[in-house]
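Dumped target_33.pdb below, it's PDB, C-alpha atoms:
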```pdb
ATOM      1  CA  MET A 362      -9.576   8.617  -3.318  1.00  0.00           C
ATOM      2  CA  GLU A 363     -11.805  10.675  -5.577  1.00  0.00           C
ATOM      3  CA  PHE A 364     -10.629   9.129  -8.856  1.00  0.00           C
ATOM      4  CA  SER A 365     -12.243   6.082 -10.426  1.00  0.00           C
ATOM      5  CA  ILE A 366     -10.104   2.977 -10.830  1.00  0.00           C
ATOM      6  CA  LYS A 367     -10.425   1.382 -14.254  1.00  0.00           C
ATOM      7  CA  GLU A 368     -10.010  -2.342 -14.793  1.00  0.00           C
ATOM      8  CA  GLU A 369      -9.223  -3.992 -18.112  1.00  0.00           C
ATOM      9  CA  ASN A 370      -7.076  -6.846 -19.364  1.00  0.00           C
ATOM     10  CA  GLY A 371      -5.824  -7.606 -15.850  1.00  0.00           C
ATOM     11  CA  PHE A 372      -4.695  -4.013 -15.207  1.00  0.00           C
ATOM     12  CA  LYS A 373      -6.089  -1.654 -12.577  1.00  0.00           C
ATOM     13  CA  TYR A 374      -5.269   2.013 -13.033  1.00  0.00           C
ATOM     14  CA  ILE A 375      -6.318   5.623 -12.726  1.00  0.00           C
ATOM     15  CA  ASP A 376      -6.415   7.641 -15.957  1.00  0.00           C
ATOM     16  CA  GLU A 377      -7.201  11.355 -15.670  1.00  0.00           C
ATOM     17  CA  GLY A 378      -6.871  14.287 -18.077  1.00  0.00           C
ATOM     18  CA  GLU A 379      -5.545  14.593 -21.624  1.00  0.00           C
ATOM     19  CA  GLY A 380      -2.236  15.510 -23.211  1.00  0.00           C
ATOM     20  CA  GLU A 381       1.326  14.316 -22.810  1.00  0.00           C
ATOM     21  CA  VAL A 382       1.447  11.231 -20.570  1.00  0.00           C
ATOM     22  CA  LEU A 383       2.713  11.145 -16.991  1.00  0.00           C
ATOM     23  CA  ILE A 384       2.927   7.656 -15.456  1.00  0.00           C
ATOM     24  CA  LEU A 385       3.085   7.665 -11.647  1.00  0.00           C
ATOM     25  CA  LEU A 386       4.583   4.661  -9.830  1.00  0.00           C
ATOM     26  CA  HIS A 387       3.853   4.161  -6.134  1.00  0.00           C
ATOM     27  CA  GLY A 388       6.163   2.616  -3.543  1.00  0.00           C
ATOM     28  CA  LEU A 389       6.123  -0.625  -1.554  1.00  0.00           C
ATOM     29  CA  MET A 390       3.878   0.718   1.195  1.00  0.00           C
ATOM     30  CA  GLY A 391       2.441   3.421  -1.019  1.00  0.00           C
ATOM     31  CA  ALA A 392      -1.045   3.718  -2.382  1.00  0.00           C
ATOM     32  CA  LEU A 393      -2.590   5.415  -5.387  1.00  0.00           C
ATOM     33  CA  SER A 394      -3.842   8.124  -3.034  1.00  0.00           C
ATOM     34  CA  ASN A 395      -0.218   9.185  -2.322  1.00  0.00           C
ATOM     35  CA  TRP A 396      -0.360  10.953  -5.684  1.00  0.00           C
ATOM     36  CA  THR A 397      -3.708  12.744  -5.204  1.00  0.00           C
ATOM     37  CA  ASP A 398      -2.272  16.285  -5.193  1.00  0.00           C
ATOM     38  CA  VAL A 399      -0.133  15.592  -8.257  1.00  0.00           C
ATOM     39  CA  VAL A 400      -3.108  14.211 -10.198  1.00  0.00           C
ATOM     40  CA  ASN A 401      -5.314  17.169  -9.247  1.00  0.00           C
ATOM     41  CA  GLU A 402      -2.671  19.684 -10.262  1.00  0.00           C
ATOM     42  CA  PHE A 403      -1.513  18.140 -13.553  1.00  0.00           C
ATOM     43  CA  LYS A 404      -4.645  16.533 -15.021  1.00  0.00           C
ATOM     44  CA  LYS A 405      -5.543  20.002 -16.355  1.00  0.00           C
ATOM     45  CA  ASP A 406      -2.627  19.898 -18.837  1.00  0.00           C
ATOM     46  CA  TYR A 407      -1.478  16.266 -18.958  1.00  0.00           C
ATOM     47  CA  ARG A 408      -2.848  12.756 -19.107  1.00  0.00           C
ATOM     48  CA  VAL A 409      -1.957  11.353 -15.683  1.00  0.00           C
ATOM     49  CA  ILE A 410      -1.972   7.568 -15.308  1.00  0.00           C
ATOM     50  CA  ILE A 411      -1.286   5.530 -12.161  1.00  0.00           C
ATOM     51  CA  PRO A 412      -1.096   1.772 -12.686  1.00  0.00           C
ATOM     52  CA  LEU A 413      -1.643  -0.305  -9.554  1.00  0.00           C
ATOM     53  CA  LEU A 414       1.572  -2.321  -9.263  1.00  0.00           C
ATOM     54  CA  PRO A 415       0.999  -6.046  -8.558  1.00  0.00           C
ATOM     55  CA  LEU A 416       3.064  -6.084  -5.350  1.00  0.00           C
ATOM     56  CA  TYR A 417       1.169  -9.055  -3.894  1.00  0.00           C
ATOM     57  CA  ASP A 418       0.029 -10.812  -7.065  1.00  0.00           C
ATOM     58  CA  LEU A 419       3.293 -12.088  -8.556  1.00  0.00           C
ATOM     59  CA  PRO A 420       4.476 -15.639  -7.811  1.00  0.00           C
ATOM     60  CA  LEU A 421       6.931 -15.512  -4.911  1.00  0.00           C
ATOM     61  CA  ILE A 422       9.810 -16.654  -7.112  1.00  0.00           C
ATOM     62  CA  SER A 423       9.336 -13.664  -9.430  1.00  0.00           C
ATOM     63  CA  THR A 424       8.407 -11.076  -6.784  1.00  0.00           C
ATOM     64  CA  GLY A 425      10.996  -8.381  -7.467  1.00  0.00           C
ATOM     65  CA  VAL A 426      11.742  -5.022  -9.019  1.00  0.00           C
ATOM     66  CA  LYS A 427      12.542  -6.453 -12.470  1.00  0.00           C
ATOM     67  CA  SER A 428       9.132  -8.141 -12.649  1.00  0.00           C
ATOM     68  CA  LEU A 429       7.426  -4.863 -11.766  1.00  0.00           C
ATOM     69  CA  ALA A 430       9.368  -3.093 -14.548  1.00  0.00           C
ATOM     70  CA  LYS A 431       8.183  -5.787 -16.990  1.00  0.00           C
ATOM     71  CA  PHE A 432       4.634  -5.227 -15.758  1.00  0.00           C
ATOM     72  CA  VAL A 433       4.960  -1.474 -16.469  1.00  0.00           C
ATOM     73  CA  HIS A 434       6.251  -2.269 -19.968  1.00  0.00           C
ATOM     74  CA  LYS A 435       3.252  -4.545 -20.650  1.00  0.00           C
ATOM     75  CA  PHE A 436       0.911  -1.832 -19.411  1.00  0.00           C
ATOM     76  CA  VAL A 437       2.537   0.877 -21.581  1.00  0.00           C
ATOM     77  CA  LYS A 438       2.359  -1.405 -24.630  1.00  0.00           C
ATOM     78  CA  TYR A 439      -1.269  -2.347 -23.934  1.00  0.00           C
ATOM     79  CA  LYS A 440      -2.297   1.307 -23.613  1.00  0.00           C
ATOM     80  CA  LYS A 441      -0.159   2.261 -26.661  1.00  0.00           C
ATOM     81  CA  LEU A 442       1.542   5.079 -24.747  1.00  0.00           C
ATOM     82  CA  LYS A 443       4.452   7.029 -26.226  1.00  0.00           C
ATOM     83  CA  ASN A 444       6.816   9.786 -25.181  1.00  0.00           C
ATOM     84  CA  ILE A 445       6.002   9.318 -21.498  1.00  0.00           C
ATOM     85  CA  THR A 446       7.365  10.914 -18.357  1.00  0.00           C
ATOM     86  CA  VAL A 447       7.770   8.357 -15.574  1.00  0.00           C
ATOM     87  CA  LEU A 448       7.467   9.564 -11.953  1.00  0.00           C
ATOM     88  CA  GLY A 449       8.447   7.180  -9.183  1.00  0.00           C
ATOM     89  CA  ASN A 450       8.507   7.403  -5.407  1.00  0.00           C
ATOM     90  CA  SER A 451      10.573   4.980  -3.309  1.00  0.00           C
ATOM     91  CA  LEU A 452      10.291   1.487  -4.855  1.00  0.00           C
ATOM     92  CA  GLY A 453       8.333   3.075  -7.726  1.00  0.00           C
ATOM     93  CA  GLY A 454      11.401   5.153  -8.583  1.00  0.00           C
ATOM     94  CA  HIS A 455      13.507   1.993  -8.683  1.00  0.00           C
ATOM     95  CA  VAL A 456      10.994   0.379 -11.047  1.00  0.00           C
ATOM     96  CA  GLY A 457      11.025   3.545 -13.171  1.00  0.00           C
ATOM     97  CA  LEU A 458      14.829   3.421 -13.423  1.00  0.00           C
ATOM     98  CA  ILE A 459      14.829  -0.218 -14.606  1.00  0.00           C
ATOM     99  CA  TYR A 460      11.997   0.459 -17.059  1.00  0.00           C
ATOM    100  CA  THR A 461      13.764   3.544 -18.480  1.00  0.00           C
ATOM    101  CA  LEU A 462      17.048   1.655 -18.794  1.00  0.00           C
ATOM    102  CA  ASN A 463      15.357  -1.184 -20.691  1.00  0.00           C
ATOM    103  CA  HIS A 464      12.992   0.913 -22.836  1.00  0.00           C
ATOM    104  CA  PRO A 465      14.605   4.318 -23.450  1.00  0.00           C
ATOM    105  CA  GLU A 466      12.663   4.695 -26.704  1.00  0.00           C
ATOM    106  CA  GLU A 467       9.391   5.018 -24.747  1.00  0.00           C
ATOM    107  CA  VAL A 468      10.567   7.502 -22.116  1.00  0.00           C
ATOM    108  CA  LYS A 469      10.730  11.262 -22.605  1.00  0.00           C
ATOM    109  CA  SER A 470      11.903  12.025 -19.063  1.00  0.00           C
ATOM    110  CA  LEU A 471      12.102  10.612 -15.559  1.00  0.00           C
ATOM    111  CA  VAL A 472      11.204  12.079 -12.162  1.00  0.00           C
ATOM    112  CA  LEU A 473      12.497  10.430  -8.977  1.00  0.00           C
ATOM    113  CA  THR A 474      11.512  11.291  -5.426  1.00  0.00           C
ATOM    114  CA  GLY A 475      12.910   9.314  -2.488  1.00  0.00           C
ATOM    115  CA  SER A 476      13.845   6.589  -4.968  1.00  0.00           C
ATOM    116  CA  SER A 477      15.453   3.310  -4.016  1.00  0.00           C
ATOM    117  CA  GLY A 478      18.027   1.830  -6.380  1.00  0.00           C
ATOM    118  CA  LEU A 479      21.211   2.984  -4.663  1.00  0.00           C
ATOM    119  CA  TYR A 480      20.498   2.778  -0.948  1.00  0.00           C
ATOM    120  CA  GLU A 481      17.543   2.702   1.407  1.00  0.00           C
ATOM    121  CA  ASN A 482      17.051   2.375   5.145  1.00  0.00           C
ATOM    122  CA  ALA A 483      13.726   0.566   5.081  1.00  0.00           C
ATOM    123  CA  PHE A 484      12.113  -1.818   7.530  1.00  0.00           C
ATOM    124  CA  GLY A 485      15.427  -3.633   7.903  1.00  0.00           C
ATOM    125  CA  GLY A 486      14.453  -6.888   6.182  1.00  0.00           C
ATOM    126  CA  SER A 487      11.923  -7.999   8.780  1.00  0.00           C
ATOM    127  CA  PHE A 488       8.951  -6.960  10.865  1.00  0.00           C
ATOM    128  CA  PRO A 489      10.034  -8.070  14.348  1.00  0.00           C
ATOM    129  CA  LYS A 490       6.989  -6.540  16.018  1.00  0.00           C
ATOM    130  CA  ARG A 491       4.403  -6.513  13.273  1.00  0.00           C
ATOM    131  CA  GLU A 492       1.585  -7.251  15.723  1.00  0.00           C
ATOM    132  CA  ASP A 493       2.580  -4.238  17.841  1.00  0.00           C
ATOM    133  CA  TYR A 494       0.438  -1.350  16.579  1.00  0.00           C
ATOM    134  CA  ASP A 495       2.620   1.335  18.192  1.00  0.00           C
ATOM    135  CA  PHE A 496       5.747  -0.160  16.588  1.00  0.00           C
ATOM    136  CA  ILE A 497       4.133   0.017  13.139  1.00  0.00           C
ATOM    137  CA  LYS A 498       2.859   3.535  13.880  1.00  0.00           C
ATOM    138  CA  GLY A 499       6.434   4.605  14.694  1.00  0.00           C
ATOM    139  CA  LYS A 500       7.717   3.065  11.458  1.00  0.00           C
ATOM    140  CA  VAL A 501       5.095   4.903   9.390  1.00  0.00           C
ATOM    141  CA  GLU A 502       5.842   8.197  11.186  1.00  0.00           C
ATOM    142  CA  PHE A 503       9.554   7.649  10.439  1.00  0.00           C
ATOM    143  CA  THR A 504       8.660   8.074   6.754  1.00  0.00           C
ATOM    144  CA  PHE A 505       7.739  11.730   7.245  1.00  0.00           C
ATOM    145  CA  TYR A 506       9.325  14.853   8.696  1.00  0.00           C
ATOM    146  CA  ASP A 507       5.996  15.718  10.311  1.00  0.00           C
ATOM    147  CA  PRO A 508       4.628  12.621  12.098  1.00  0.00           C
ATOM    148  CA  ALA A 509       1.103  14.068  11.839  1.00  0.00           C
ATOM    149  CA  ILE A 510       1.128  13.068   8.134  1.00  0.00           C
ATOM    150  CA  ALA A 511       0.936   9.464   9.383  1.00  0.00           C
ATOM    151  CA  THR A 512      -2.824   9.579   9.940  1.00  0.00           C
ATOM    152  CA  LYS A 513      -4.639   6.793  11.767  1.00  0.00           C
ATOM    153  CA  GLU A 514      -6.100   5.720   8.420  1.00  0.00           C
ATOM    154  CA  LEU A 515      -2.606   5.387   6.924  1.00  0.00           C
ATOM    155  CA  VAL A 516      -1.203   3.525   9.952  1.00  0.00           C
ATOM    156  CA  ASP A 517      -4.248   1.212  10.013  1.00  0.00           C
ATOM    157  CA  GLU A 518      -3.707   0.352   6.358  1.00  0.00           C
ATOM    158  CA  VAL A 519      -0.008  -0.481   6.857  1.00  0.00           C
ATOM    159  CA  TYR A 520      -0.787  -2.435  10.051  1.00  0.00           C
ATOM    160  CA  LYS A 521      -3.402  -4.478   8.212  1.00  0.00           C
ATOM    161  CA  THR A 522      -0.983  -5.140   5.340  1.00  0.00           C
ATOM    162  CA  VAL A 523       1.969  -6.297   7.463  1.00  0.00           C
ATOM    163  CA  ASN A 524      -0.285  -8.575   9.514  1.00  0.00           C
ATOM    164  CA  ASP A 525      -1.429 -10.395   6.388  1.00  0.00           C
ATOM    165  CA  ARG A 526       0.994 -13.355   6.266  1.00  0.00           C
ATOM    166  CA  ILE A 527       0.994 -13.699   2.476  1.00  0.00           C
ATOM    167  CA  LYS A 528       1.436  -9.967   1.933  1.00  0.00           C
ATOM    168  CA  VAL A 529       4.275  -9.629   4.424  1.00  0.00           C
ATOM    169  CA  ILE A 530       6.180 -12.465   2.732  1.00  0.00           C
ATOM    170  CA  LYS A 531       5.788 -10.674  -0.620  1.00  0.00           C
ATOM    171  CA  ILE A 532       6.802  -7.313   0.906  1.00  0.00           C
ATOM    172  CA  LEU A 533       9.992  -8.794   2.361  1.00  0.00           C
ATOM    173  CA  ALA A 534      10.797 -10.530  -0.934  1.00  0.00           C
ATOM    174  CA  MET A 535      10.270  -7.265  -2.819  1.00  0.00           C
ATOM    175  CA  ALA A 536      12.378  -5.277  -0.329  1.00  0.00           C
ATOM    176  CA  LYS A 537      15.231  -7.805  -0.577  1.00  0.00           C
ATOM    177  CA  SER A 538      15.030  -7.695  -4.364  1.00  0.00           C
ATOM    178  CA  ALA A 539      15.334  -3.881  -4.271  1.00  0.00           C
ATOM    179  CA  ILE A 540      18.387  -4.041  -1.989  1.00  0.00           C
ATOM    180  CA  ARG A 541      20.058  -6.701  -4.176  1.00  0.00           C
ATOM    181  CA  HIS A 542      19.335  -4.803  -7.384  1.00  0.00           C
ATOM    182  CA  ASN A 543      21.765  -1.920  -6.862  1.00  0.00           C
ATOM    183  CA  MET A 544      21.884   0.292  -9.960  1.00  0.00           C
ATOM    184  CA  SER A 545      25.028   2.335  -9.333  1.00  0.00           C
ATOM    185  CA  LYS A 546      26.901   0.715 -12.242  1.00  0.00           C
ATOM    186  CA  ASP A 547      24.042   1.042 -14.741  1.00  0.00           C
ATOM    187  CA  ILE A 548      22.287   4.352 -14.362  1.00  0.00           C
ATOM    188  CA  HIS A 549      24.962   6.361 -16.210  1.00  0.00           C
ATOM    189  CA  LYS A 550      23.391   4.782 -19.333  1.00  0.00           C
ATOM    190  CA  ILE A 551      20.138   6.681 -18.735  1.00  0.00           C
ATOM    191  CA  LYS A 552      20.370   9.657 -21.079  1.00  0.00           C
ATOM    192  CA  VAL A 553      16.878  11.151 -20.734  1.00  0.00           C
ATOM    193  CA  PRO A 554      16.431  14.297 -18.603  1.00  0.00           C
ATOM    194  CA  VAL A 555      15.878  13.380 -14.945  1.00  0.00           C
ATOM    195  CA  CYS A 556      14.316  15.566 -12.255  1.00  0.00           C
ATOM    196  CA  LEU A 557      15.235  14.586  -8.675  1.00  0.00           C
ATOM    197  CA  ILE A 558      12.940  15.997  -5.975  1.00  0.00           C
ATOM    198  CA  TRP A 559      14.250  15.084  -2.534  1.00  0.00           C
ATOM    199  CA  GLY A 560      13.148  15.657   1.033  1.00  0.00           C
ATOM    200  CA  LYS A 561      15.941  17.359   2.974  1.00  0.00           C
ATOM    201  CA  ASP A 562      14.953  15.254   6.004  1.00  0.00           C
ATOM    202  CA  ASP A 563      14.406  11.918   4.246  1.00  0.00           C
ATOM    203  CA  ARG A 564      15.604   9.182   6.621  1.00  0.00           C
ATOM    204  CA  ILE A 565      14.827   6.238   4.314  1.00  0.00           C
ATOM    205  CA  THR A 566      16.729   7.421   1.240  1.00  0.00           C
ATOM    206  CA  PRO A 567      18.765  10.193   2.911  1.00  0.00           C
ATOM    207  CA  PRO A 568      19.875  13.399   1.129  1.00  0.00           C
ATOM    208  CA  GLU A 569      23.252  11.899   0.168  1.00  0.00           C
ATOM    209  CA  VAL A 570      21.330   9.345  -1.942  1.00  0.00           C
ATOM    210  CA  GLY A 571      19.784  12.199  -3.938  1.00  0.00           C
ATOM    211  CA  VAL A 572      23.253  13.700  -4.374  1.00  0.00           C
ATOM    212  CA  GLU A 573      24.622  10.369  -5.626  1.00  0.00           C
ATOM    213  CA  PHE A 574      21.778   9.985  -8.128  1.00  0.00           C
ATOM    214  CA  ASN A 575      22.519  13.516  -9.326  1.00  0.00           C
ATOM    215  CA  GLN A 576      26.202  12.642  -9.808  1.00  0.00           C
ATOM    216  CA  LEU A 577      25.539   9.341 -11.606  1.00  0.00           C
ATOM    217  CA  LEU A 578      22.687  10.402 -13.916  1.00  0.00           C
ATOM    218  CA  PRO A 579      24.210  12.335 -16.860  1.00  0.00           C
ATOM    219  CA  ASP A 580      21.293  14.739 -17.454  1.00  0.00           C
ATOM    220  CA  SER A 581      19.796  15.341 -14.010  1.00  0.00           C
ATOM    221  CA  GLU A 582      18.781  18.213 -11.765  1.00  0.00           C
ATOM    222  CA  LEU A 583      18.410  17.975  -7.977  1.00  0.00           C
ATOM    223  CA  ASN A 584      15.722  19.925  -6.134  1.00  0.00           C
ATOM    224  CA  TRP A 585      15.517  20.035  -2.332  1.00  0.00           C
ATOM    225  CA  VAL A 586      12.309  20.195  -0.313  1.00  0.00           C
ATOM    226  CA  GLU A 587      12.889  21.588   3.188  1.00  0.00           C
ATOM    227  CA  LYS A 588      11.296  20.033   6.296  1.00  0.00           C
ATOM    228  CA  CYS A 589      10.270  16.999   4.292  1.00  0.00           C
ATOM    229  CA  GLY A 590      10.758  13.239   4.543  1.00  0.00           C
ATOM    230  CA  HIS A 591      10.500  10.328   2.124  1.00  0.00           C
ATOM    231  CA  ALA A 592       7.317  11.280   0.222  1.00  0.00           C
ATOM    232  CA  PRO A 593       7.515  14.962  -0.858  1.00  0.00           C
ATOM    233  CA  MET A 594       4.445  14.695  -3.106  1.00  0.00           C
ATOM    234  CA  MET A 595       2.384  13.868   0.030  1.00  0.00           C
ATOM    235  CA  GLU A 596       4.118  15.970   2.665  1.00  0.00           C
ATOM    236  CA  ARG A 597       4.951  19.101   0.658  1.00  0.00           C
ATOM    237  CA  PRO A 598       2.686  18.908  -2.418  1.00  0.00           C
ATOM    238  CA  ILE A 599       2.886  22.624  -3.282  1.00  0.00           C
ATOM    239  CA  GLU A 600       6.698  22.619  -3.424  1.00  0.00           C
ATOM    240  CA  PHE A 601       6.766  19.238  -5.180  1.00  0.00           C
ATOM    241  CA  ASN A 602       4.301  20.347  -7.851  1.00  0.00           C
ATOM    242  CA  ALA A 603       6.178  23.628  -8.414  1.00  0.00           C
ATOM    243  CA  TYR A 604       9.455  21.770  -9.098  1.00  0.00           C
ATOM    244  CA  LEU A 605       7.649  19.257 -11.297  1.00  0.00           C
ATOM    245  CA  LYS A 606       5.856  21.958 -13.307  1.00  0.00           C
ATOM    246  CA  LYS A 607       9.096  23.838 -13.926  1.00  0.00           C
ATOM    247  CA  PHE A 608      10.767  20.647 -15.150  1.00  0.00           C
ATOM    248  CA  LEU A 609       7.870  19.582 -17.382  1.00  0.00           C
ATOM    249  CA  ASP A 610       7.578  23.078 -18.896  1.00  0.00           C
ATOM    250  CA  ARG A 611      11.242  22.781 -19.886  1.00  0.00           C
ATOM    251  CA  ILE A 612      10.914  19.210 -21.239  1.00  0.00           C
ATOM    252  CA  TYR A 613       7.677  19.629 -23.195  1.00  0.00           C
TER     253      TYR A 613
END
```
Would you encode the structure as structure tokens?
Amino acid sequence: MEFSIKEENGFKYIDEGEGEVLILLHGLMGALSNWTDVVNEFKKDYRVIIPLLPLYDLPLISTGVKSLAKFVHKFVKYKKLKNITVLGNSLGGHVGLIYTLNHPEEVKSLVLTGSSGLYENAFGGSFPKREDYDFIKGKVEFTFYDPAIATKELVDEVYKTVNDRIKVIKILAMAKSAIRHNMSKDIHKIKVPVCLIWGKDDRITPPEVGVEFNQLLPDSELNWVEKCGHAPMMERPIEFNAYLKKFLDRIY
């Protein structure tokens, strides 16, 4: 990761560029580096901020998507950010939806890619073979259309995470919270423009999930990325950035 991580007031974050604010929210197994190509492309014209979500730092009883949305709100208030575009991948999209629903006055627009909130086919609520490296490797590869995207470095990081007993308990609690917190009855209240960028071969939040988001969100557009899985901004960054640029040019 070539960007410096800033630390202040209990927050860790990346803050690059100047201009209108884009806040990028990573997923449950995601890292700040998942957004590298987006930051490099958009820091020329925007202020791009990635807060590190406290996935493993919340008390177990409050480990859930609502707590992460509250964390984002505290961060936005602390940094005095206004008129923001929120981009979320996977669990980060879910957090972005809750945050936007609760604080519409702060949000200019929303971008979702492989977002949970309606349905997801994740790790299945457990890690039956978390000590089996090849099992974890297969699960990470499942995230992408091209298994080569699941580098040894990426697999090693996930393997290390799921074999940390405290972290795996928090991950499972967070995943269960996301499944319980289905947003199908609420998201029609989100009135801001929403850009959906979806992998045509996403097996975690399959294409029909993108279609359902498109139907339920009143002001949304759906963009397909061919030969792409659950993380288009990593697997097909050129196509992802082109869709995002077109949307932002229209919004701003």
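One distance worth recording is that between CA of Val472 (chain A) and CA of Ile375 (chain A), which is 18.7 Å.
Here the PyMOL selection byres ((chain A and resi 430) around 10) captures the residues Leu414, Gly425, Val426, Lys427, Ser428, Leu429, Lys431, Phe432, Val433, His434, Lys435, Phe436, Gly453, His455, Val456, Gly457, Leu458, Ile459, Tyr460, Thr461, Leu462, Asn463 and His464 of chain A.
Pairwise distance (CA of Glu596 (chain A), CA of Ser477 (chain A)) equals 18.3 Å.
Excluding Pro567 (chain A) itself and same-chain residues fewer than 5 positions from it, the residues having an atom within 9 Å of it are Gly475, Tyr480, Glu481, Asn482, Trp559, Gly560, Lys561, Asp562, Gly590 and His591 of chain A, counting only C-alpha atoms.
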Create the file for the chosen residues now, containing C-alpha atoms and written as a JSON list (two decimals), in the coordinates of the input.
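Result file is selection_0.json:
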```json
[["chain", "number", "residue", "atom", "x", "y", "z"],
["A", 475, "GLY", "CA", 12.91, 9.31, -2.49],
["A", 480, "TYR", "CA", 20.50, 2.78, -0.95],
["A", 481, "GLU", "CA", 17.54, 2.70, 1.41],
["A", 482, "ASN", "CA", 17.05, 2.38, 5.14],
["A", 559, "TRP", "CA", 14.25, 15.08, -2.53],
["A", 560, "GLY", "CA", 13.15, 15.66, 1.03],
["A", 561, "LYS", "CA", 15.94, 17.36, 2.97],
["A", 562, "ASP", "CA", 14.95, 15.25, 6.00],
["A", 590, "GLY", "CA", 10.76, 13.24, 4.54],
["A", 591, "HIS", "CA", 10.50, 10.33, 2.12]]
```
Inset, instruction - Please identify all polymer residues within 12 Å of Asn575 (chain A), counting only C-alpha atoms, omitting same-chain residues fewer than 2 positions from it, and present them as number ranges by chain. - result: A: 472-474, 476, 479, 545, 548-549, 551, 554-559, 568-573, 577-585
Inset, instruction - Go through the shown structure with the PyMOL selection byres ((chain A and resi 378) around 10) and write out the matching residues as a list in words. - result: Asp376, Glu377, Glu379, Gly380, Glu381, Val382, Val400, Asn401, Phe403, Lys404, Lys405, Asp406, Tyr407, Arg408, Val409 and Ile410 of chain A
Legend entry - Atomic separation - CA of Ile411 (chain A) relative to CA of Tyr374 (chain A), Å: 5.4 Å
Inset, instruction - Pull out every residue that the PyMOL selection byres ((chain A and resi 500) around 12) matches in the shown coordinates and put them as a ChimeraX atom specification. - result: /A:390,482-485,488-491,493-499,501-505,508,511,515-516,519-520,523,564-565
Legend entry - Residue nearest Ile612 (chain A) - candidates A:Val553, A:Met544, A:Ile599, A:Leu386, atoms counted: only C-alpha atoms: A:Val553
